[in-house]
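*Asks:* So that you have it, the file is structure-v1.txt, and it contains compact mmCIF, C-alpha atoms:
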```txt
# COMPACT_ATOMS: atom_id res chain seq x y z
CA MET A 1 20.70 -20.19 -7.93
CA ARG A 2 17.89 -19.98 -5.45
CA VAL A 3 17.13 -16.63 -3.81
CA GLU A 4 14.58 -16.72 -1.00
CA VAL A 5 13.20 -13.43 0.25
CA TRP A 6 11.34 -13.06 3.51
CA SER A 7 9.18 -9.95 3.63
CA ASP A 8 5.91 -8.61 4.98
CA ILE A 9 3.33 -6.88 2.85
CA VAL A 10 3.15 -3.85 5.14
CA CYS A 11 6.91 -3.37 5.28
CA PRO A 12 8.10 -0.25 3.41
CA TRP A 13 11.73 -1.34 3.39
CA CYS A 14 10.70 -4.74 2.02
CA TYR A 15 9.08 -3.25 -1.09
CA LEU A 16 12.06 -0.98 -1.61
CA GLY A 17 14.44 -3.92 -1.15
CA LYS A 18 12.38 -5.94 -3.64
CA ARG A 19 12.80 -3.28 -6.33
CA ARG A 20 16.51 -3.01 -5.72
CA LEU A 21 16.94 -6.78 -5.92
CA GLU A 22 14.98 -6.74 -9.17
CA LYS A 23 17.25 -4.01 -10.54
CA ALA A 24 20.28 -6.05 -9.51
CA LEU A 25 18.87 -9.10 -11.28
CA ALA A 26 18.31 -7.00 -14.40
CA GLY A 27 22.04 -6.30 -14.40
CA PHE A 28 23.18 -9.80 -13.41
CA GLU A 29 24.89 -11.78 -16.14
CA HIS A 30 23.30 -15.06 -15.01
CA ALA A 31 19.81 -13.85 -14.09
CA GLY A 32 18.31 -16.62 -16.19
CA ASP A 33 19.70 -19.15 -13.71
CA VAL A 34 18.12 -17.44 -10.70
CA GLU A 35 14.88 -18.55 -9.09
CA VAL A 36 13.37 -16.06 -6.63
CA GLU A 37 10.93 -17.28 -4.01
CA TRP A 38 8.98 -14.85 -1.83
CA ARG A 39 8.48 -16.14 1.70
CA SER A 40 6.01 -15.04 4.35
CA PHE A 41 6.90 -13.05 7.40
CA GLN A 42 4.67 -11.20 9.84
CA LEU A 43 6.08 -8.20 11.63
CA ASP A 44 3.10 -8.20 13.98
CA PRO A 45 1.10 -11.42 14.18
CA SER A 46 -0.89 -9.95 17.06
CA PHE A 47 -2.23 -6.93 15.18
CA PRO A 48 -6.05 -7.08 15.28
CA LYS A 49 -7.59 -8.08 11.97
CA GLY A 50 -10.03 -5.56 10.52
CA LEU A 51 -9.00 -2.68 12.78
CA GLY A 52 -8.48 -0.41 9.78
CA GLN A 53 -6.15 1.95 11.59
CA PRO A 54 -4.51 4.56 9.34
CA VAL A 55 -0.75 4.32 9.45
CA TYR A 56 -0.18 7.95 10.43
CA GLU A 57 -2.63 7.61 13.28
CA ALA A 58 -0.84 4.52 14.53
CA LEU A 59 2.53 6.23 14.28
CA ALA A 60 1.26 9.29 16.11
CA ARG A 61 -0.23 7.17 18.86
CA LYS A 62 2.91 5.13 19.32
CA THR A 63 5.40 7.98 19.25
CA GLY A 64 3.33 10.79 20.72
CA ALA A 65 4.28 12.92 17.72
CA THR A 66 2.07 15.52 16.07
CA ALA A 67 0.52 14.95 12.66
CA ALA A 68 3.17 17.15 11.03
CA GLN A 69 5.97 15.31 12.82
CA VAL A 70 4.60 11.93 11.76
CA ARG A 71 4.55 13.04 8.14
CA GLY A 72 8.12 14.21 8.51
CA MET A 73 9.14 10.80 9.86
CA THR A 74 8.12 9.06 6.67
CA GLU A 75 9.70 11.48 4.19
CA HIS A 76 13.03 9.64 4.11
CA VAL A 77 11.64 6.23 3.18
CA LYS A 78 9.15 7.85 0.78
CA ALA A 79 11.94 9.70 -1.02
CA LEU A 80 14.10 6.59 -1.33
CA ALA A 81 11.12 4.58 -2.56
CA ALA A 82 10.30 7.27 -5.13
CA GLU A 83 13.84 6.92 -6.51
CA GLU A 84 12.95 3.29 -7.25
CA GLY A 85 9.61 4.22 -8.83
CA LEU A 86 7.46 3.45 -5.78
CA ALA A 87 4.95 6.16 -4.84
CA TYR A 88 4.27 5.34 -1.20
CA ASP A 89 1.12 7.02 0.04
CA PHE A 90 1.05 6.86 3.82
CA ASP A 91 -1.89 9.26 3.88
CA ARG A 92 -3.96 6.38 2.55
CA SER A 93 -2.13 3.36 3.99
CA VAL A 94 -4.02 1.33 6.54
CA MET A 95 -2.37 -1.04 8.98
CA ALA A 96 -3.42 -4.67 8.67
CA ASN A 97 -2.84 -8.15 9.99
CA THR A 98 -1.13 -9.76 7.01
CA PHE A 99 -1.67 -13.45 7.85
CA ASP A 100 -4.54 -13.96 5.39
CA ALA A 101 -2.70 -12.01 2.70
CA HIS A 102 0.25 -14.37 3.12
CA ARG A 103 -2.10 -17.37 2.90
CA LEU A 104 -3.46 -15.93 -0.35
CA THR A 105 0.10 -15.66 -1.65
CA HIS A 106 0.66 -19.35 -0.87
CA LEU A 107 -2.51 -20.17 -2.81
CA ALA A 108 -1.23 -18.03 -5.68
CA LYS A 109 2.04 -20.02 -5.61
CA THR A 110 0.11 -23.19 -6.43
CA HIS A 111 -1.00 -21.42 -9.61
CA GLY A 112 2.56 -20.32 -10.39
CA ILE A 113 1.80 -16.65 -9.67
CA GLY A 114 3.12 -16.24 -6.12
CA ALA A 115 5.54 -13.49 -7.13
CA GLU A 116 2.80 -11.55 -8.91
CA MET A 117 0.52 -11.88 -5.88
CA HIS A 118 3.19 -10.66 -3.49
CA GLU A 119 3.92 -7.63 -5.71
CA ARG A 120 0.21 -6.83 -6.05
CA LEU A 121 -0.34 -7.00 -2.29
CA MET A 122 2.59 -4.74 -1.46
CA ARG A 123 1.49 -2.20 -4.02
CA ALA A 124 -2.07 -2.39 -2.70
CA ASN A 125 -0.98 -1.66 0.87
CA LEU A 126 1.83 0.86 0.46
CA VAL A 127 0.74 2.76 -2.63
CA GLU A 128 -3.01 2.36 -3.04
CA GLY A 129 -4.34 2.36 0.52
CA GLU A 130 -6.12 -0.97 0.16
CA VAL A 131 -7.16 -2.84 3.31
CA VAL A 132 -5.18 -6.05 2.94
CA ASP A 133 -6.84 -7.93 5.79
CA ASP A 134 -10.33 -7.57 4.27
CA ALA A 135 -11.41 -10.83 2.63
CA GLU A 136 -13.22 -9.38 -0.36
CA THR A 137 -10.35 -6.97 -1.00
CA LEU A 138 -7.97 -9.93 -1.01
CA VAL A 139 -10.27 -11.89 -3.34
CA ARG A 140 -10.35 -8.95 -5.77
CA LEU A 141 -6.59 -8.43 -5.65
CA GLY A 142 -6.06 -12.14 -6.15
CA ALA A 143 -8.36 -12.18 -9.16
CA GLU A 144 -6.40 -9.32 -10.71
CA VAL A 145 -3.29 -11.50 -10.91
CA GLY A 146 -5.14 -14.68 -11.82
CA VAL A 147 -6.17 -16.42 -8.59
CA PRO A 148 -9.70 -17.81 -9.08
CA ALA A 149 -12.07 -15.89 -6.84
CA GLY A 150 -13.90 -18.98 -5.64
CA GLU A 151 -10.67 -20.63 -4.54
CA ALA A 152 -9.54 -17.45 -2.80
CA ARG A 153 -12.82 -17.18 -0.91
CA ARG A 154 -12.64 -20.80 0.22
CA VAL A 155 -9.07 -20.41 1.44
CA LEU A 156 -9.77 -17.15 3.24
CA ALA A 157 -12.88 -18.60 4.89
CA GLY A 158 -10.87 -21.50 6.29
CA ASP A 159 -7.33 -22.01 7.54
CA ALA A 160 -5.63 -23.40 4.46
CA TYR A 161 -1.94 -22.51 4.10
CA SER A 162 -1.69 -21.39 7.72
CA ARG A 163 0.94 -24.04 8.31
CA GLU A 164 2.90 -22.87 5.26
CA VAL A 165 2.93 -19.28 6.49
CA MET A 166 4.12 -20.32 9.94
CA GLU A 167 6.79 -22.56 8.42
CA ASP A 168 8.13 -19.60 6.46
CA VAL A 169 8.22 -17.49 9.61
CA ASN A 170 9.96 -20.21 11.59
CA GLN A 171 12.46 -20.76 8.80
CA ALA A 172 13.40 -17.09 8.88
CA ARG A 173 14.05 -17.25 12.59
CA ALA A 174 16.00 -20.50 12.25
CA LEU A 175 18.21 -18.85 9.64
CA GLY A 176 18.94 -16.01 12.02
CA ALA A 177 16.78 -13.29 10.51
CA THR A 178 16.20 -10.43 12.91
CA GLY A 179 14.17 -8.36 10.51
CA VAL A 180 12.84 -8.10 6.98
CA PRO A 181 13.55 -7.91 4.12
CA PHE A 182 15.85 -10.87 4.51
CA PHE A 183 17.46 -12.48 1.49
CA VAL A 184 19.03 -15.93 1.46
CA LEU A 185 21.06 -17.12 -1.52
CA ASP A 186 21.42 -20.89 -2.00
CA ARG A 187 20.96 -21.34 1.75
CA THR A 188 24.60 -20.21 1.99
CA TYR A 189 24.59 -16.42 2.04
CA GLY A 190 22.36 -14.04 3.93
CA ILE A 191 21.83 -10.35 3.22
CA SER A 192 19.54 -8.23 5.30
CA GLY A 193 17.65 -5.00 4.72
CA ALA A 194 17.03 -2.67 1.80
CA GLN A 195 20.60 -2.80 0.52
CA PRO A 196 21.82 -0.70 -2.42
CA VAL A 197 21.45 -2.30 -5.84
CA GLU A 198 25.24 -2.75 -6.01
CA ALA A 199 25.21 -4.81 -2.81
CA PHE A 200 22.58 -7.18 -4.20
CA LEU A 201 24.50 -7.50 -7.46
CA GLY A 202 27.68 -8.27 -5.56
CA ALA A 203 25.87 -10.89 -3.50
CA LEU A 204 24.49 -12.56 -6.63
CA ARG A 205 27.98 -12.71 -8.16
CA THR A 206 29.49 -14.05 -4.92
CA ALA A 207 26.88 -16.78 -4.71
CA ARG A 208 27.41 -17.61 -8.36
CA GLU A 209 31.19 -17.93 -7.89
CA HIS A 210 30.68 -20.11 -4.84
CA ALA A 211 28.33 -22.42 -6.74
CA ALA A 212 30.77 -22.60 -9.66
CA THR A 213 33.66 -23.43 -7.31
CA ARG A 214 31.68 -26.22 -5.68
CA ALA A 215 30.63 -27.60 -9.07
CA GLY A 216 34.22 -27.49 -10.38
CA MET P 217 24.91 4.29 -0.50
CA ARG P 218 24.59 3.79 3.20
CA GLU P 219 21.20 4.16 4.90
CA SER P 220 20.81 5.73 8.31
CA THR P 221 18.44 4.20 10.84
CA PRO P 222 16.66 6.92 12.79
CA ALA P 223 15.10 6.08 16.11
CA ALA P 224 11.48 6.57 14.97
CA ALA P 225 9.80 3.16 14.81
CA TRP P 226 6.87 1.62 12.94
CA PRO P 227 4.25 0.62 15.53
CA TYR P 228 4.65 -3.14 15.25
CA ALA P 229 5.72 -5.80 17.65
CA VAL P 230 6.07 -9.56 17.36
CA ALA P 231 6.11 -12.27 19.99
CA GLU P 232 9.26 -14.37 20.04
CA GLU P 233 8.92 -18.15 19.96
CA PRO P 234 11.82 -20.59 20.15
CA VAL P 235 12.78 -22.29 16.85
CA ALA P 236 15.51 -24.75 16.05
CA ALA P 237 18.59 -23.04 14.60
CA ALA P 238 19.61 -23.80 11.01
CA PRO P 239 23.24 -23.86 9.81
CA GLY P 240 24.76 -20.37 9.83
CA LEU P 241 24.76 -18.19 6.75
CA VAL P 242 27.63 -16.10 5.48
CA THR P 243 26.55 -12.49 5.87
CA LEU P 244 26.90 -10.20 2.88
CA GLY P 245 26.20 -6.53 2.37
CA SER P 246 26.06 -3.67 4.82
CA GLU P 247 25.07 -4.42 8.38
CA ASP P 248 23.14 -1.17 8.72
CA ALA P 249 20.85 -1.42 5.71
CA PRO P 250 17.36 -0.51 6.93
CA ALA P 251 15.06 -3.38 7.82
CA CYS P 252 11.83 -3.74 9.77
CA SER P 253 11.67 -5.94 12.84
CA GLY P 254 9.29 -6.70 15.62
CA GLU P 255 10.41 -3.44 17.18
CA GLY P 256 9.34 -1.45 14.15
CA CYS P 257 10.72 0.05 10.97
CA PRO P 258 13.38 2.76 10.95
CA LEU P 259 12.02 5.80 9.13
```
Spell out the structure here as structure tokens.

*Replies:*
Amino acid sequence: MRVEVWSDIVCPWCYLGKRRLEKALAGFEHAGDVEVEWRSFQLDPSFPKGLGQPVYEALARKTGATAAQVRGMTEHVKALAAEEGLAYDFDRSVMANTFDAHRLTHLAKTHGIGAEMHERLMRANLVEGEVVDDAETLVRLGAEVGVPAGEARRVLAGDAYSREVMEDVNQARALGATGVPFFVLDRTYGISGAQPVEAFLGALRTAREHAATRAG
Amino acid sequence: MRESTPAAAWPYAVAEEPVAAAPGLVTLGSEDAPACSGEGCPL
């Protein structure tokens, strides 16, 4: 079974959905037959690279809310994430253009560590307050999971894997995704959002039964 | 567990470009599970 997941690195529901899918896989009888592929998606391709705007500041500016109100807005997603072991720190999170981070993930895929790169980038942005559109930050994060620093620098200095990122984005839209996280199972079933673990487990079993029926 | 989707939005936006449609998928799960879009993320 092939599970493709479209998500953006700055997306709090995407990281939460990722954990819940992983918990579902841990309880899935046929997890050994499942291949998960993380696909690129940009929530805001037009966000200026290197702006370094703190998330709370951006939220306050957009909504006109006070600092206290902005903190209150994020308590729900923070609490849900904490239940899954994710310590979101929006006090430190910085908004970023994620295009280069996604290109780095595609480079990591060629080394067989795309999943590790995607996990490291999400943690860096949502938990650790790293600036994930800074080239040297991306090089360092890549090196932590095994992407050679020299290769990462060359990719980030050029436009390698830009086409791959855009293809992922276009594929999501072609498949009818209206948001992320977006999960596609065997190009047959689609499940959207940070669903409960039970919903992911049910989807895995449904896709498995469908594949078994077709094979029989 | 059902998630609510409050009106507060993450400050993102994305430009829409036309893409060719792929064969339809069978939708599973809850329709109101929280997800981020070009309009933002429900918080």

*Asks:* Taking into account all atoms listed in the file, which residue in the set A:Asp8, A:Glu130, A:Glu116, A:Glu57 is nearest to Ala143 in chain A?

*Replies:*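 Comparing A:Asp8, A:Glu130, A:Glu116, A:Glu57 against Ala143 in chain A, the winner is A:Glu116.
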
*Asks:* Check every residue of chain A for an atom within 7 Å of chain P, counting only C-alpha atoms, and provide those that qualify as a PyMOL selection string.

*Replies:* chain A and resi 11+13+43-46+58-59+62+73-74+76-77+170+173-175+178-181+188-196+199+203

*Asks:* What does the distance between CA of Glu4 in chain A and CA of Arg39 in chain A come to in Å, to one decimal place?

*Replies:*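 Computing it gives 6.7 Å between the two atoms.
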
*Asks:* Mind giving me the straight-line distance from CA of Gly50 in chain A to CA of Arg19 in chain A in Å, one decimal?

*Replies:* 28.5 Å

*Asks:* Show which residues sit within 9 Å of range 144-154 of chain A, as a ChimeraX atom specification. Count all atoms listed in the file, and ignore same-chain residues fewer than 5 positions away.

*Replies:* /A:104,107-108,111,113,116-117,120,135-136,138-139,160

*Asks:* Between A:Gly32, A:Glu22, A:Val127, A:Leu156, which residue has the minimum interatomic distance to Ala82 in chain A, considering all atoms listed in the file?

*Replies:* A:Val127

*Asks:* Please report the interatomic distance between CA of Val165 in chain A and CA of Lys23 in chain A in Å with one decimal.

*Replies:*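 CA of Lys23 in chain A lies at a distance of 27.0 Å from CA of Val165 in chain A.
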
*Asks:* Check the smallest atom-to-atom distance from each of A:Ala101, A:Leu51, A:Val197, A:Ala24 to Ile9 in chain A using all atoms listed in the file, then report the winner.

*Replies:*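 Answer, going by the shortest atom-to-atom distance: A:Ala101.
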
*Asks:* Which of these, A:Val36, A:Leu16, A:Glu128, A:Glu83, has the shortest distance to Leu185 in chain A once you count all atoms listed in the file?

*Replies:*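 Nearest to Leu185 in chain A: A:Val36.
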
*Asks:* Some atoms are missing, so please complete range 119-151 of chain A with N, CA and C atoms and return it as a CSV table (one decimal), in the coordinates of the input.

*Replies:*
```csv
chain,number,residue,atom,x,y,z
A,119,GLU,N,3.7,-9.0,-5.2
A,119,GLU,CA,3.9,-7.6,-5.7
A,119,GLU,C,2.6,-6.9,-5.6
A,120,ARG,N,1.5,-7.5,-6.0
A,120,ARG,CA,0.2,-6.8,-6.0
A,120,ARG,C,-0.2,-6.4,-4.6
A,121,LEU,N,0.0,-7.3,-3.7
A,121,LEU,CA,-0.3,-7.0,-2.3
A,121,LEU,C,0.5,-5.8,-1.7
A,122,MET,N,1.8,-5.8,-2.0
A,122,MET,CA,2.6,-4.7,-1.5
A,122,MET,C,2.2,-3.4,-2.1
A,123,ARG,N,1.9,-3.4,-3.4
A,123,ARG,CA,1.5,-2.2,-4.0
A,123,ARG,C,0.1,-1.7,-3.4
A,124,ALA,N,-0.7,-2.7,-3.2
A,124,ALA,CA,-2.1,-2.4,-2.7
A,124,ALA,C,-2.0,-1.7,-1.3
A,125,ASN,N,-1.1,-2.2,-0.5
A,125,ASN,CA,-1.0,-1.7,0.9
A,125,ASN,C,-0.2,-0.3,0.9
A,126,LEU,N,0.9,-0.3,0.3
A,126,LEU,CA,1.8,0.9,0.5
A,126,LEU,C,1.6,2.0,-0.5
A,127,VAL,N,0.9,1.7,-1.6
A,127,VAL,CA,0.7,2.8,-2.6
A,127,VAL,C,-0.7,3.1,-2.8
A,128,GLU,N,-1.6,2.1,-2.7
A,128,GLU,CA,-3.0,2.4,-3.0
A,128,GLU,C,-3.9,2.5,-1.8
A,129,GLY,N,-3.5,2.2,-0.6
A,129,GLY,CA,-4.3,2.4,0.5
A,129,GLY,C,-5.4,1.3,0.6
A,130,GLU,N,-5.2,0.1,0.0
A,130,GLU,CA,-6.1,-1.0,0.2
A,130,GLU,C,-6.0,-1.6,1.5
A,131,VAL,N,-7.1,-2.2,2.0
A,131,VAL,CA,-7.2,-2.8,3.3
A,131,VAL,C,-6.9,-4.3,3.1
A,132,VAL,N,-5.6,-4.7,3.3
A,132,VAL,CA,-5.2,-6.0,2.9
A,132,VAL,C,-5.5,-7.1,4.0
A,133,ASP,N,-6.3,-6.8,5.0
A,133,ASP,CA,-6.8,-7.9,5.8
A,133,ASP,C,-8.4,-8.0,5.7
A,134,ASP,N,-8.9,-7.4,4.6
A,134,ASP,CA,-10.3,-7.6,4.3
A,134,ASP,C,-10.5,-8.7,3.2
A,135,ALA,N,-11.3,-9.7,3.5
A,135,ALA,CA,-11.4,-10.8,2.6
A,135,ALA,C,-11.8,-10.5,1.2
A,136,GLU,N,-12.8,-9.7,1.0
A,136,GLU,CA,-13.2,-9.4,-0.4
A,136,GLU,C,-12.2,-8.5,-1.1
A,137,THR,N,-11.5,-7.7,-0.4
A,137,THR,CA,-10.4,-7.0,-1.0
A,137,THR,C,-9.3,-8.0,-1.5
A,138,LEU,N,-9.0,-8.9,-0.6
A,138,LEU,CA,-8.0,-9.9,-1.0
A,138,LEU,C,-8.5,-10.8,-2.2
A,139,VAL,N,-9.7,-11.1,-2.2
A,139,VAL,CA,-10.3,-11.9,-3.3
A,139,VAL,C,-10.1,-11.1,-4.6
A,140,ARG,N,-10.5,-9.8,-4.6
A,140,ARG,CA,-10.4,-9.0,-5.8
A,140,ARG,C,-8.9,-8.8,-6.2
A,141,LEU,N,-8.0,-8.6,-5.3
A,141,LEU,CA,-6.6,-8.4,-5.6
A,141,LEU,C,-6.1,-9.7,-6.2
A,142,GLY,N,-6.5,-10.8,-5.6
A,142,GLY,CA,-6.1,-12.1,-6.2
A,142,GLY,C,-6.5,-12.4,-7.6
A,143,ALA,N,-7.8,-12.0,-7.8
A,143,ALA,CA,-8.4,-12.2,-9.2
A,143,ALA,C,-7.6,-11.3,-10.2
A,144,GLU,N,-7.1,-10.2,-9.8
A,144,GLU,CA,-6.4,-9.3,-10.7
A,144,GLU,C,-5.1,-10.0,-11.2
A,145,VAL,N,-4.5,-10.9,-10.4
A,145,VAL,CA,-3.3,-11.5,-10.9
A,145,VAL,C,-3.5,-12.9,-11.4
A,146,GLY,N,-4.8,-13.4,-11.3
A,146,GLY,CA,-5.1,-14.7,-11.8
A,146,GLY,C,-5.5,-15.8,-10.8
A,147,VAL,N,-5.7,-15.4,-9.6
A,147,VAL,CA,-6.2,-16.4,-8.6
A,147,VAL,C,-7.7,-16.5,-8.7
A,148,PRO,N,-8.2,-17.7,-9.0
A,148,PRO,CA,-9.7,-17.8,-9.1
A,148,PRO,C,-10.4,-17.3,-7.8
A,149,ALA,N,-11.4,-16.5,-8.0
A,149,ALA,CA,-12.1,-15.9,-6.8
A,149,ALA,C,-12.7,-16.9,-5.9
A,150,GLY,N,-13.3,-18.0,-6.5
A,150,GLY,CA,-13.9,-19.0,-5.6
A,150,GLY,C,-12.9,-19.7,-4.8
A,151,GLU,N,-11.7,-20.0,-5.3
A,151,GLU,CA,-10.7,-20.6,-4.5
A,151,GLU,C,-10.2,-19.7,-3.4
```
